[in-house]
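**Student:** Dropping in data.tsv, which is TSV, C-alpha atoms:
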chain	number	residue	atom	x	y	z
A	1	MET	CA	-19.53	-9.03	-33.68
A	2	ALA	CA	-17.11	-11.96	-33.38
A	3	THR	CA	-16.34	-13.74	-36.64
A	4	GLN	CA	-16.09	-17.52	-36.99
A	5	LYS	CA	-12.32	-17.13	-37.19
A	6	ASP	CA	-12.32	-15.20	-33.88
A	7	LYS	CA	-14.40	-17.95	-32.24
A	8	GLU	CA	-11.83	-20.55	-33.29
A	9	LYS	CA	-8.97	-18.65	-31.66
A	10	LYS	CA	-7.85	-19.34	-28.13
A	11	THR	CA	-9.06	-16.69	-25.70
A	12	ILE	CA	-7.12	-14.76	-23.08
A	13	LEU	CA	-9.25	-13.04	-20.47
A	14	THR	CA	-7.42	-10.09	-18.90
A	15	VAL	CA	-8.92	-8.66	-15.73
A	16	PHE	CA	-7.64	-5.24	-14.66
A	17	VAL	CA	-8.12	-4.41	-10.97
A	18	GLU	CA	-7.20	-1.46	-8.75
A	19	GLY	CA	-5.18	-2.92	-5.88
A	20	ASP	CA	-3.66	-5.90	-4.07
A	21	THR	CA	-6.87	-6.78	-2.22
A	22	GLU	CA	-8.74	-6.82	-5.52
A	23	VAL	CA	-6.10	-9.11	-7.09
A	24	GLU	CA	-6.66	-11.60	-4.30
A	25	PHE	CA	-10.46	-11.29	-4.38
A	26	TYR	CA	-10.82	-11.64	-8.15
A	27	GLY	CA	-8.30	-14.48	-8.08
A	28	LYS	CA	-10.51	-16.34	-5.62
A	29	MET	CA	-13.61	-15.51	-7.67
A	30	VAL	CA	-12.05	-16.82	-10.87
A	31	ALA	CA	-10.81	-19.95	-9.10
A	32	SER	CA	-14.30	-20.61	-7.76
A	33	ILE	CA	-15.85	-20.28	-11.23
A	34	ARG	CA	-13.06	-22.41	-12.70
A	35	GLN	CA	-13.75	-25.11	-10.15
A	36	LYS	CA	-17.35	-25.25	-11.33
A	37	VAL	CA	-16.66	-25.11	-15.05
A	38	GLY	CA	-13.46	-27.17	-15.17
A	39	LYS	CA	-10.38	-26.08	-17.06
A	40	GLY	CA	-12.60	-23.94	-19.24
A	41	GLN	CA	-12.07	-22.38	-22.59
A	42	CYS	CA	-9.69	-19.50	-21.85
A	43	SER	CA	-6.47	-18.43	-20.19
A	44	ILE	CA	-6.78	-15.77	-17.47
A	45	GLU	CA	-4.51	-12.95	-16.33
A	46	ILE	CA	-5.34	-10.62	-13.43
A	47	LYS	CA	-3.41	-7.35	-13.64
A	48	ASN	CA	-3.04	-4.76	-10.88
A	49	VAL	CA	-3.02	-1.14	-12.10
A	50	LYS	CA	-2.60	0.16	-8.52
A	51	GLY	CA	-5.33	2.80	-8.52
A	52	VAL	CA	-7.01	4.86	-11.24
A	53	GLY	CA	-4.26	7.44	-11.74
A	54	ASN	CA	-2.99	7.49	-15.35
A	55	TYR	CA	-5.33	4.55	-15.90
A	56	GLN	CA	-5.57	4.58	-19.67
A	57	ASN	CA	-1.83	4.59	-20.25
A	58	LYS	CA	-1.25	1.87	-17.66
A	59	VAL	CA	-3.81	-0.59	-18.98
A	60	CYS	CA	-2.75	-0.05	-22.58
A	61	ARG	CA	0.92	-0.54	-21.71
A	62	ILE	CA	0.21	-3.73	-19.77
A	63	PHE	CA	-2.06	-5.03	-22.53
A	64	GLU	CA	0.55	-4.42	-25.25
A	65	ASN	CA	3.74	-5.31	-23.40
A	66	SER	CA	2.53	-8.16	-21.24
A	67	VAL	CA	-0.68	-9.72	-22.50
A	68	LYS	CA	-0.28	-9.54	-26.28
A	69	LYS	CA	3.38	-10.58	-26.20
A	70	LYS	CA	2.60	-13.56	-23.97
A	71	TYR	CA	-0.50	-14.57	-25.94
A	72	PRO	CA	0.09	-13.65	-29.59
A	73	GLY	CA	-2.81	-14.21	-31.96
A	74	TYR	CA	-5.36	-14.89	-29.22
A	75	ASN	CA	-8.88	-13.54	-28.93
A	76	TYR	CA	-8.42	-10.73	-26.39
A	77	VAL	CA	-11.20	-10.15	-23.86
A	78	VAL	CA	-10.44	-7.31	-21.45
A	79	VAL	CA	-12.43	-6.59	-18.28
A	80	LEU	CA	-11.99	-3.30	-16.41
A	81	CYS	CA	-12.94	-3.62	-12.73
A	82	TYR	CA	-13.49	-0.58	-10.56
A	83	ASP	CA	-15.48	0.94	-7.71
A	84	THR	CA	-18.19	3.41	-8.71
A	85	ASP	CA	-17.96	5.57	-5.57
A	86	VAL	CA	-14.96	7.46	-6.99
A	87	PHE	CA	-16.96	8.47	-10.06
A	88	GLN	CA	-20.48	8.93	-8.74
A	89	TYR	CA	-20.42	12.60	-7.75
A	90	SER	CA	-17.39	13.83	-9.65
A	91	ARG	CA	-17.95	16.51	-12.29
A	92	LYS	CA	-14.76	15.38	-13.96
A	93	PRO	CA	-14.28	11.65	-13.35
A	94	PRO	CA	-10.64	10.50	-13.10
A	95	VAL	CA	-11.11	8.00	-15.95
A	96	ASP	CA	-12.85	8.42	-19.30
A	97	TRP	CA	-14.05	4.86	-19.83
A	98	ASN	CA	-15.06	5.48	-23.44
A	99	ALA	CA	-11.54	6.69	-24.20
A	100	VAL	CA	-10.01	3.68	-22.43
A	101	THR	CA	-12.24	1.32	-24.40
A	102	LYS	CA	-11.32	2.95	-27.69
A	103	ALA	CA	-7.59	2.92	-26.87
A	104	LEU	CA	-7.67	-0.80	-26.01
A	105	SER	CA	-9.69	-1.56	-29.13
A	106	ASP	CA	-7.17	0.34	-31.25
A	107	LYS	CA	-4.42	-1.81	-29.75
A	108	GLY	CA	-6.16	-5.04	-30.67
A	109	ALA	CA	-8.57	-5.92	-27.86
A	110	ASN	CA	-11.51	-7.83	-29.33
A	111	LYS	CA	-13.93	-7.24	-26.49
A	112	ILE	CA	-13.80	-4.74	-23.62
A	113	GLU	CA	-16.25	-4.91	-20.72
A	114	GLN	CA	-16.55	-3.31	-17.28
A	115	ILE	CA	-17.30	-4.73	-13.85
A	116	ARG	CA	-18.55	-1.95	-11.60
A	117	ALA	CA	-18.66	-2.66	-7.87
A	118	GLU	CA	-21.68	-0.76	-6.55
A	119	LYS	CA	-20.46	1.32	-4.79
A	120	SER	CA	-17.18	-0.30	-3.78
A	121	ILE	CA	-15.69	-3.76	-3.60
A	122	GLU	CA	-15.91	-3.47	0.19
A	123	ASP	CA	-19.69	-3.69	-0.20
A	124	TRP	CA	-19.11	-7.08	-1.81
A	125	PHE	CA	-16.98	-8.21	1.15
A	126	LEU	CA	-19.76	-7.15	3.53
A	127	LEU	CA	-22.18	-9.51	1.79
A	128	ASP	CA	-20.60	-12.38	3.73
A	129	SER	CA	-21.26	-11.08	7.22
A	130	ASP	CA	-20.53	-14.43	8.86
A	131	GLY	CA	-17.13	-14.72	7.20
A	132	LEU	CA	-16.18	-11.19	8.21
A	133	LYS	CA	-17.26	-11.69	11.80
A	134	ARG	CA	-15.21	-14.89	12.04
A	135	PHE	CA	-12.19	-13.19	10.52
A	136	LEU	CA	-12.45	-10.21	12.87
A	137	LYS	CA	-13.29	-12.46	15.84
A	138	LEU	CA	-16.50	-10.55	16.49
A	139	SER	CA	-19.49	-12.11	18.21
A	140	ALA	CA	-21.82	-14.01	15.89
A	141	LYS	CA	-24.59	-11.78	17.27
A	142	THR	CA	-22.86	-8.61	16.01
A	143	ASN	CA	-25.16	-6.79	13.57
A	144	ILE	CA	-23.11	-5.40	10.69
A	145	SER	CA	-25.96	-4.49	8.37
A	146	ALA	CA	-25.43	-0.76	9.00
A	147	TYR	CA	-21.81	-0.89	7.81
A	148	LYS	CA	-21.53	0.18	4.18
A	149	GLY	CA	-18.69	0.48	1.70
A	150	GLN	CA	-15.05	1.26	2.42
A	151	LYS	CA	-15.88	3.53	5.34
A	152	GLY	CA	-18.06	0.86	6.90
A	153	LEU	CA	-15.42	-1.84	6.54
A	154	VAL	CA	-12.80	0.47	8.08
A	155	GLN	CA	-15.15	1.07	11.04
A	156	LEU	CA	-15.84	-2.62	11.41
A	157	PHE	CA	-12.12	-3.37	11.47
A	158	GLN	CA	-11.64	-0.65	14.09
A	159	LYS	CA	-14.36	-2.29	16.17
A	160	ALA	CA	-12.15	-5.39	16.17
A	161	SER	CA	-8.98	-3.32	16.81
A	162	LYS	CA	-7.69	-4.03	13.32
A	163	LEU	CA	-6.62	-1.80	10.43
A	164	TYR	CA	-8.09	-1.91	6.94
A	165	ILE	CA	-6.39	0.05	4.15
A	166	LYS	CA	-8.03	0.28	0.75
A	167	GLY	CA	-6.26	-1.78	-1.91
A	168	VAL	CA	-3.60	-3.13	0.45
A	169	GLN	CA	-3.64	-6.88	0.95
A	170	CYS	CA	-5.10	-7.81	4.32
A	171	LYS	CA	-3.78	-11.26	5.14
A	172	GLY	CA	-6.57	-13.77	5.66
A	173	LEU	CA	-9.47	-11.47	4.76
A	174	VAL	CA	-10.28	-12.83	1.31
A	175	ASP	CA	-9.63	-16.40	2.45
A	176	ALA	CA	-12.30	-15.92	5.12
A	177	LEU	CA	-14.97	-14.95	2.60
A	178	ASP	CA	-17.41	-17.52	1.22
A	179	MET	CA	-17.83	-16.81	-2.50
A	180	GLU	CA	-21.04	-18.85	-2.58
A	181	LYS	CA	-22.66	-16.27	-0.31
A	182	ILE	CA	-21.42	-13.38	-2.43
A	183	PHE	CA	-22.11	-14.70	-5.95
A	184	PRO	CA	-25.93	-14.46	-5.85
A	185	HIS	CA	-25.74	-10.73	-5.15
A	186	ILE	CA	-23.14	-9.77	-7.75
A	187	CYS	CA	-23.88	-12.13	-10.61
A	188	GLY	CA	-25.30	-9.32	-12.72
A	189	GLU	CA	-22.00	-7.47	-12.46
A	190	ILE	CA	-19.63	-10.39	-13.07
A	191	HIS	CA	-21.49	-12.21	-15.85
A	192	ILE	CA	-18.73	-11.33	-18.37
A	193	LEU	CA	-16.33	-13.51	-16.36
A	194	CYS	CA	-18.77	-16.43	-16.32
A	195	ASP	CA	-19.58	-16.09	-20.00
A	196	THR	CA	-15.94	-15.91	-21.10
A	197	MET	CA	-14.95	-18.82	-18.88
A	198	GLY	CA	-17.69	-20.96	-20.39
A	199	MET	CA	-20.36	-20.93	-17.70
A	200	ASN	CA	-23.94	-19.87	-18.09
A	201	CYS	CA	-24.54	-17.52	-15.16
A	202	SER	CA	-27.77	-19.32	-14.28
A	203	GLU	CA	-25.61	-22.37	-13.53
A	204	LEU	CA	-23.46	-20.40	-11.07
A	205	ASN	CA	-26.18	-20.00	-8.53
A	206	GLU	CA	-29.83	-20.90	-8.62
A	207	HIS	CA	-30.67	-17.47	-7.21
A	208	CYS	CA	-28.84	-15.65	-10.00
A	209	LYS	CA	-31.25	-13.48	-11.99
A	210	LEU	CA	-29.94	-11.68	-15.08
Can you give me the file's structure in the form of C-alpha cells?

**Tutor:**
Amino acid sequence: MATQKDKEKKTILTVFVEGDTEVEFYGKMVASIRQKVGKGQCSIEIKNVKGVGNYQNKVCRIFENSVKKKYPGYNYVVVLCYDTDVFQYSRKPPVDWNAVTKALSDKGANKIEQIRAEKSIEDWFLLDSDGLKRFLKLSAKTNISAYKGQKGLVQLFQKASKLYIKGVQCKGLVDALDMEKIFPHICGEIHILCDTMGMNCSELNEHCKL
C-alpha cells in the first residue's frame, strides 16, 4: 500500500513492450489518454525489450540503468505489456511473471502491473476494421471479422499484397488506427495506464465497463 510520502513523490510510469510496432501503438495510446487528461500527473517512458527472450534480465537492467538514473527518487510504476498467445498452451512459459515482478520490486519498483493483450496485440488492431481497410486499400465492403490475431493480420495484409511482420514497425499502420474505436474494447486491460495518468477509466469512454 502506498504511503502518504509515496503519494507526494513525482511518478514515472514505465511501459515495457515487446517490439517496434508495440512502441508506436502504446505511444499513440498514451498520447490519446494524455490529450484527454492534460499534462497529467506523471512522466512516461515506453521501453522496447524486443521480444520475451531473457525478459527478466532485460527489464531489470533497463529499469535500473535507464529509468531510475533518469528519475531518481520518483514513485516507480512499471507496466509489463505482452501477448498471451505465447503463454497460453506452453507447459513451460518463456517468462515467469511472478519472478519478474519480484525482481523489479527488489530493485525499487513501487508498483508492477501487467497488460495482457488477449490473445495478441494484432487482435487490438483488428478492432478498427475501417482503419485497417483504409490503410490496406481494401474495399469498404470487405468483411474482416473472420481474421483473428497475428495470423489473421498477416493474411489480411497478404490479401492486400502487403507484408506484416510481428513486432517490426509497419509505416502508417498505427497512424491509420482510430484509438476511440479500440478503447471501449480494451479498457479493462489498460486501466492501469488511465489510473496512473490521472484519468478515471469511466471518463475514457462511456462504453467502458470495469

**Student:** Counting all atoms listed in the file, what is within 12 Å of A:Asp178, bar same-chain residues fewer than 6 positions away, as a list in words?

**Tutor:**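 Returned residues: Phe25, Lys28, Met29, Ser32, Trp124, Phe125, Leu126, Leu127, Asp128, Ser129, Asp130, Gly131, Leu132, Arg134, Phe135 and Pro184 of chain A.
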
**Student:** Taking into account all atoms listed in the file, which residue in the set A:Leu138, A:Thr84, A:Tyr76, A:Cys187 is nearest to A:Met199?

**Tutor:**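 The shortest atom-to-atom distance to A:Met199 comes from A:Cys187.
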
**Student:** Name all residues at most 7 Å from stretch 145-151 of chain A (count only C-alpha atoms; drop same-chain ones fewer than 6 positions away) and give them as a PyMOL selection string.

**Tutor:** chain A and resi 119-120+122-123

**Student:** Go ahead and compute the interatomic distance for atom CA of A:Cys60 and atom CA of A:Leu80, in Å to one decimal.

**Tutor:**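 Interatomic distance here is 11.6 Å.
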
**Student:** Just to confirm, what's the straight-line distance from atom CA of A:Phe157 to atom CA of A:Val174 in Å (one decimal)?

**Tutor:** 14.0 Å

**Student:** Which value, in Å to one decimal, gives the distance between atom CA of A:Phe16 and atom CA of A:Gly152?

**Tutor:** 24.7 Å

**Student:** Which residues, written as a list in words, have at least one atom at most 9 Å from stretch 95-97 of chain A, with all atoms listed in the file counted and residues fewer than 4 positions away on the same chain left out?

**Tutor:**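 Non-adjacent residues within range: Val52, Gly53, Asn54, Tyr55, Gln56, Phe87, Thr101, Lys102 and Gln114 of chain A.
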
**Student:** Given only C-alpha atoms as the basis, pick out the residue of A:Lys50, A:Val154, A:His185, A:Pro93 nearest to A:Cys170.

**Tutor:** A:Val154

**Student:** Residues near stretch 40-47 of chain A, anyone? I mean within 9 Å using all atoms listed in the file, not counting same-chain ones fewer than 4 positions away, as a list in words.

**Tutor:**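 Counting only the stated atoms, we get Lys10, Thr11, Ile12, Leu13, Thr14, Val15, Phe16, Val17, Glu18, Val23, Tyr26, Gly27, Val30, Arg34, Val59, Ile62, Val67, Thr196, Met197, Gly198 and Met199 of chain A.
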
**Student:** May I ask which of the residues A:Asp85, A:Glu64, A:Asp106, A:Glu22 is the closest one to A:Gln169, counting all atoms listed in the file?

**Tutor:** A:Glu22

**Student:** Out of A:Lys133, A:Ala31, A:Phe183, A:Gly19, which residue has the shortest atom-to-atom distance to A:Gly167 when counting all atoms listed in the file?

**Tutor:** A:Gly19

**Student:** Smallest atom-to-atom distance to A:Ser105: which of A:Leu136, A:Lys36, A:Phe63, A:Tyr82, using only C-alpha atoms?

**Tutor:**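 Of the candidates, the smallest distance to A:Ser105 is held by A:Phe63.
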